[in-house]
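Enquirer: Before anything else, here's the structure in question.
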Amino acid sequence: MKICLLILFNCIVVCSQAQQLFDMPAGVESRLSSFENPNGGKGEGAKTNKGAKGNAFEWMKPGETKTLLDINGQGTINRIWMTIDQNPIKLRSLRLQMFWDGAGKPAVDVPLGDFFGFNLGKPVAFQSALFSSAEGRSFNCYIPMPFRKGARMVLINEGKEIVKLYYDVDFLKTTIAPNAMYFHAYWNRQITGNLGDDFEALPKITGRGRFLGMSVGLNTDEAYGKSWWGEGEIKMYIDGDKQYPTIAGTGAEDYLGSAWGLGTFTNLYQGCTIANDSTRQFNFYRWHIPDPVYFNKDFRLAMQQIGGWGKNELKQLYQKGVKLKPVTIDAPGGFVRLLDMPNPPTLNDENFPRGWVNFYRVDDYASVSYFYLDKAFSSLPALPAVELRTKNVHNNK
């Protein structure tokens, strides 16, 4: 019976996909913008070098801007592909911007590498529902990006090195539904802070929309040694939430659909492309596709900076003056909530309970939040200067 139901389900999925594949929508034109045919002009491609591969790439000098797309009318961007002669500094120095409907402020304003899930700037092959890299040398995005009056996409080289750039932007000229929202992406980095500070991946945005997910690059502070960093909960503040969020997770690896620590894996909706215990670096993503997160008035996303370790190991760090604060203990007799106690014990106290200790810590987070909004632009701040983006980023890491 179970096998029959599974076969029936698969047949329904395949038939549904086939129906979409052979159906011919009305008033649709397929286009691709590249250096061989900027903006996808009809009959305008492959003109250079008498049609024999004359402009596959272009060099970008420091300070130079390349316009990848600049078109008027309605349509949807369905795929973006790029590749460069990459290193971590270049990927953080290149600034990708997208503007919808003639807006003067970009809806997307992020470092190139982070946008495509290379949040640590390291080449890793992976496949997911929204982004992929076939062999770690290319960048692919499959997020649909509708526009009503026009679309403009630019890439700015804010670094000190020359860049060799190849790209495609695949789009359709088609009528957009009235309820279609605009795609946005926001980059943030928090290198340091106070104990107890959350990493605010996405400051408050106003309007109606849908949170698509996030990609994160994490450099843990070496002062914490081999301790576990990922006990912090994801918190989503929706439609007027103030002090406490409506959606709260149970830990970082839990949010990624894993458990009991974090290794490398790449699934459709969640993955960890880098989990390096030697360099203490982690790169991961989570897409809210089967589990949509909608908001009607406003939205904010934060991630607690909480780690965990054994009592004795953590006590050694504490005695060395490492910046940390115990918050809970998974003790043999139950869960001890230290912050609910009027006078909680310190790690030096003899009566400090035995067990796994969760503690506030401060690490270096950089993330991209992806979302749809009913507006072509938001009130979010502009991308920080390249000096902040590339601080402590090394090409040999």
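Ligands are numbered from 1 in the order shown, residues from 1 within each chain, and chains are lettered A, B, ... in the order they appear in the structure tokens.
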Excluding Asn72 of chain A and its own-chain neighbours fewer than 4 positions away, which residues fall within 12 Å of it when counting only C-alpha atoms? Please give them as a compact mmCIF listing (two decimals) with C-alpha atoms, in the first residue's frame.
Expert:
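Saved file selection_36.txt follows:
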# COMPACT_ATOMS: atom_id res chain seq x y z
CA ASN A 39 20.37 43.33 -22.20
CA GLY A 40 19.48 40.45 -24.52
CA GLY A 41 18.57 42.47 -27.61
CA THR A 76 11.28 38.12 -14.36
CA PHE A 99 17.47 47.95 -8.73
CA TRP A 100 13.79 47.46 -9.56
CA ASP A 101 11.39 49.76 -11.40
CA GLY A 102 13.72 52.74 -11.64
CA PHE A 147 9.91 43.60 -11.99
CA ARG A 148 7.20 45.83 -13.47
CA LYS A 149 8.87 48.88 -15.00
CA GLY A 150 12.47 47.80 -15.35
CA ALA A 151 15.49 46.06 -13.88
CA ARG A 152 19.09 47.16 -13.49
CA LYS A 173 9.82 39.53 -20.84
CA THR A 174 6.36 38.77 -19.49
Enquirer: If you take only C-alpha atoms and a cut-off of 7 Å, which residues of segment 318-370 of chain A touch segment 220-242 of chain A, and what are their nearest atom pairs and distances in Å to one decimal, in chain and number order, as a tab-separated table?
Expert:
residue	atom	partner	partner_atom	distance
A:Val322	CA	A:Ala223	CA	6.6
A:Asn358	CA	A:Glu231	CA	7.0
A:Asp363	CA	A:Thr220	CA	4.9
A:Asp364	CA	A:Thr220	CA	6.1
Enquirer: What are the closest atom pairs, with distances in Å to one decimal, for each residue of segment 102-176 of chain A lying within 12 Å of segment 189-208 of chain A, using only C-alpha atoms, rows by chain and rising residue number, as a tab-separated table?
Expert:
residue	atom	partner	partner_atom	distance
A:Val110	CA	A:Arg189	CA	11.2
A:Pro111	CA	A:Arg189	CA	11.3
A:Asp114	CA	A:Arg189	CA	11.0
A:Asn119	CA	A:Arg189	CA	10.6
A:Leu120	CA	A:Arg189	CA	11.9
Enquirer: Segment 156-259 of chain A: which residues are alpha helix (DSSP H) by DSSP, as an MDAnalysis selection string?
Expert: chainID A and resid 252:255
Enquirer: For Tyr166 of chain A, which residue among A:Asp254, A:Glu58, A:Glu44, A:Asp374 is the nearest when counting only C-alpha atoms?
Expert: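 Among the listed residues, the smallest separation from Tyr166 of chain A belongs to A:Glu58.
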Enquirer: When distances are computed from only C-alpha atoms, which of A:Thr246, A:Asn157, A:Ser258, A:Thr390 shows the smallest separation from Pro62 of chain A?
Expert: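 Closest residue, counting only C-alpha atoms: A:Asn157.
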Enquirer: Which of these residues is nearest to Arg300 of chain A, using only C-alpha atoms: A:Phe371, A:Tyr318, A:Phe359, A:Phe352?
Expert: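 Going through A:Phe371, A:Tyr318, A:Phe359, A:Phe352 one by one, the smallest distance to Arg300 of chain A is for A:Phe371.
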Enquirer: Which polymer residues have any atom within 6 Å of an atom of Gly136 of chain A, counting only C-alpha atoms, with same-chain residues fewer than 6 positions away left out, as a compact mmCIF listing (two decimals) with N, CA and C atoms, in the first residue's frame?
Expert:
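And here's result17.txt as it stands now:
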# COMPACT_ATOMS: atom_id res chain seq x y z
N PRO A 123 36.16 28.23 -2.26
CA PRO A 123 35.47 27.46 -3.31
C PRO A 123 35.00 26.11 -2.80
N VAL A 124 33.68 25.89 -2.87
CA VAL A 124 33.08 24.62 -2.45
C VAL A 124 31.97 24.27 -3.44
N ALA A 125 31.96 23.06 -3.94
CA ALA A 125 30.88 22.61 -4.81
C ALA A 125 29.66 22.25 -3.96
Enquirer: Run DSSP on the backbone and grab whatever in segment 94-277 of chain A lands in strand (DSSP E or B); send it over as an MDAnalysis selection string.
Expert: chainID A and resid 94:100 108:111 126:127 131:133 139:141 145:147 150:157 163:173 182:190 199:206 209:219 228 234:238 247:248 265:266 270:276
Enquirer: Write out, as a compact mmCIF listing (two decimals), in the first residue's frame, the residues just selected, with C-alpha atoms.
Expert:
# COMPACT_ATOMS: atom_id res chain seq x y z
CA LEU A 94 32.96 42.99 -5.49
CA ARG A 95 29.66 44.75 -4.80
CA LEU A 96 26.52 43.36 -6.45
CA GLN A 97 23.51 45.68 -6.72
CA MET A 98 20.01 45.19 -8.16
CA PHE A 99 17.47 47.95 -8.73
CA TRP A 100 13.79 47.46 -9.56
CA VAL A 108 20.09 44.02 -3.38
CA ASP A 109 23.38 45.49 -2.16
CA VAL A 110 25.75 42.70 -1.11
CA PRO A 111 29.25 41.28 -1.61
CA PHE A 126 27.26 22.38 -3.66
CA GLN A 127 23.69 22.13 -4.94
CA PHE A 131 21.96 28.49 -5.27
CA SER A 132 24.59 26.10 -6.57
CA SER A 133 28.20 25.83 -7.63
CA PHE A 139 28.07 30.94 -8.99
CA ASN A 140 24.44 30.13 -9.86
CA CYS A 141 21.24 31.70 -8.51
CA MET A 145 13.05 38.18 -9.43
CA PRO A 146 10.01 39.94 -10.94
CA PHE A 147 9.91 43.60 -11.99
CA GLY A 150 12.47 47.80 -15.35
CA ALA A 151 15.49 46.06 -13.88
CA ARG A 152 19.09 47.16 -13.49
CA MET A 153 21.97 45.04 -12.20
CA VAL A 154 25.50 46.32 -11.66
CA LEU A 155 28.75 44.95 -10.28
CA ILE A 156 31.31 47.29 -8.72
CA ASN A 157 34.95 46.41 -8.10
CA VAL A 163 38.97 40.90 -11.93
CA LYS A 164 38.18 38.67 -14.90
CA LEU A 165 34.38 38.48 -15.15
CA TYR A 166 32.05 36.16 -17.07
CA TYR A 167 28.26 36.30 -16.58
CA ASP A 168 24.77 35.43 -17.84
CA VAL A 169 21.45 36.88 -16.65
CA ASP A 170 18.51 34.83 -17.96
CA PHE A 171 15.15 36.60 -17.92
CA LEU A 172 11.68 36.57 -19.43
CA LYS A 173 9.82 39.53 -20.84
CA TYR A 182 10.21 42.30 -5.21
CA PHE A 183 13.34 40.35 -4.34
CA HIS A 184 15.74 41.82 -1.75
CA ALA A 185 19.03 40.74 -0.17
CA TYR A 186 20.85 42.29 2.78
CA TRP A 187 24.40 41.65 4.05
CA ASN A 188 25.48 42.22 7.63
CA ARG A 189 28.60 41.48 9.65
CA GLN A 190 29.19 41.57 13.39
CA PHE A 199 23.78 38.78 15.89
CA GLU A 200 21.19 40.84 14.03
CA ALA A 201 21.23 39.25 10.60
CA LEU A 202 18.33 41.37 9.33
CA PRO A 203 17.30 44.64 11.00
CA LYS A 204 13.63 45.52 11.09
CA ILE A 205 12.00 45.87 7.68
CA THR A 206 8.47 47.19 7.18
CA GLY A 209 6.65 40.05 2.47
CA ARG A 210 8.24 36.65 2.78
CA PHE A 211 11.54 35.70 4.39
CA LEU A 212 13.30 33.25 2.04
CA GLY A 213 16.25 32.30 4.21
CA MET A 214 19.86 33.10 4.97
CA SER A 215 23.46 32.11 4.26
CA VAL A 216 26.10 32.57 6.97
CA GLY A 217 29.86 32.58 7.24
CA LEU A 218 31.26 32.19 10.76
CA ASN A 219 34.79 32.68 12.06
CA TRP A 228 31.03 24.33 20.45
CA ILE A 234 17.26 31.74 15.65
CA LYS A 235 14.71 34.41 16.54
CA MET A 236 12.16 35.89 14.10
CA TYR A 237 10.26 38.98 15.17
CA ILE A 238 7.05 39.19 13.15
CA ILE A 247 9.45 32.16 16.09
CA ALA A 248 12.35 30.84 18.19
CA PHE A 265 26.27 18.35 4.01
CA THR A 266 24.34 19.99 1.17
CA GLN A 270 19.63 23.42 4.22
CA GLY A 271 23.32 22.73 4.21
CA CYS A 272 26.76 23.32 5.68
CA THR A 273 29.42 23.65 3.00
CA ILE A 274 32.31 24.25 5.42
CA ALA A 275 32.75 22.84 8.94
CA ASN A 276 36.47 23.10 9.65
Enquirer: For Lys90 of chain A, please output as a PDB file with N, CA and C atoms, in the first residue's frame all residues within 10 Å (counting only C-alpha atoms; exclusion window: fewer than 6 positions along the same chain).
Expert:
ATOM      1  N   ILE A  84      34.470  34.297 -11.732  1.00  0.00           N
ATOM      2  CA  ILE A  84      35.607  35.221 -11.762  1.00  0.00           C
ATOM      3  C   ILE A  84      36.867  34.442 -11.382  1.00  0.00           C
ATOM      4  N   PRO A 111      28.032  41.802  -0.993  1.00  0.00           N
ATOM      5  CA  PRO A 111      29.255  41.283  -1.612  1.00  0.00           C
ATOM      6  C   PRO A 111      28.926  40.104  -2.519  1.00  0.00           C
ATOM      7  N   LEU A 112      29.626  40.010  -3.639  1.00  0.00           N
ATOM      8  CA  LEU A 112      29.311  38.991  -4.637  1.00  0.00           C
ATOM      9  C   LEU A 112      29.397  37.579  -4.074  1.00  0.00           C
ATOM     10  N   GLY A 113      30.494  37.243  -3.420  1.00  0.00           N
ATOM     11  CA  GLY A 113      30.657  35.884  -2.928  1.00  0.00           C
ATOM     12  C   GLY A 113      29.604  35.494  -1.913  1.00  0.00           C
ATOM     13  N   GLY A 121      34.270  32.961   1.302  1.00  0.00           N
ATOM     14  CA  GLY A 121      35.103  33.181   0.127  1.00  0.00           C
ATOM     15  C   GLY A 121      35.869  31.968  -0.337  1.00  0.00           C
ATOM     16  N   ASN A 157      33.691  46.921  -8.661  1.00  0.00           N
ATOM     17  CA  ASN A 157      34.947  46.413  -8.103  1.00  0.00           C
ATOM     18  C   ASN A 157      35.486  47.442  -7.117  1.00  0.00           C
ATOM     19  N   GLU A 158      35.238  47.210  -5.829  1.00  0.00           N
ATOM     20  CA  GLU A 158      35.701  48.121  -4.796  1.00  0.00           C
ATOM     21  C   GLU A 158      37.029  47.669  -4.179  1.00  0.00           C
ATOM     22  N   GLY A 159      37.638  46.665  -4.798  1.00  0.00           N
ATOM     23  CA  GLY A 159      38.894  46.157  -4.288  1.00  0.00           C
ATOM     24  C   GLY A 159      40.101  46.749  -4.983  1.00  0.00           C
ATOM     25  N   LYS A 160      41.254  46.145  -4.724  1.00  0.00           N
ATOM     26  CA  LYS A 160      42.517  46.644  -5.259  1.00  0.00           C
ATOM     27  C   LYS A 160      43.076  45.760  -6.373  1.00  0.00           C
ATOM     28  N   GLU A 161      42.346  44.698  -6.720  1.00  0.00           N
ATOM     29  CA  GLU A 161      42.827  43.757  -7.735  1.00  0.00           C
ATOM     30  C   GLU A 161      41.948  43.807  -8.984  1.00  0.00           C
ATOM     31  N   ILE A 162      42.533  43.552 -10.127  1.00  0.00           N
ATOM     32  CA  ILE A 162      41.781  43.437 -11.361  1.00  0.00           C
ATOM     33  C   ILE A 162      41.033  42.107 -11.352  1.00  0.00           C
ATOM     34  N   VAL A 163      39.850  42.076 -11.971  1.00  0.00           N
ATOM     35  CA  VAL A 163      38.974  40.901 -11.926  1.00  0.00           C
ATOM     36  C   VAL A 163      38.585  40.504 -13.343  1.00  0.00           C
ATOM     37  N   THR A 390      36.250  43.295   4.366  1.00  0.00           N
ATOM     38  CA  THR A 390      37.437  42.459   4.178  1.00  0.00           C
ATOM     39  C   THR A 390      38.340  42.372   5.395  1.00  0.00           C
ATOM     40  N   ASN A 395      43.486  35.689   1.868  1.00  0.00           N
ATOM     41  CA  ASN A 395      43.419  34.822   0.702  1.00  0.00           C
ATOM     42  C   ASN A 395      44.001  33.444   0.948  1.00  0.00           C
TER      43      ASN A 395
END
Enquirer: Please measure the separation of atom CA of Phe295 of chain A and atom CA of Tyr269 of chain A, giving the value in Å to one decimal.
Expert: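 Pair atom CA of Phe295 of chain A / atom CA of Tyr269 of chain A returns 20.2 Å.
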Enquirer: Tell me which protein, DNA and RNA residues are within 7 Å of Trp356 of chain A, counting only C-alpha atoms, leaving out same-chain ones fewer than 2 positions away, and put them as number ranges by chain.
Expert: A: 308-311, 329-331, 358
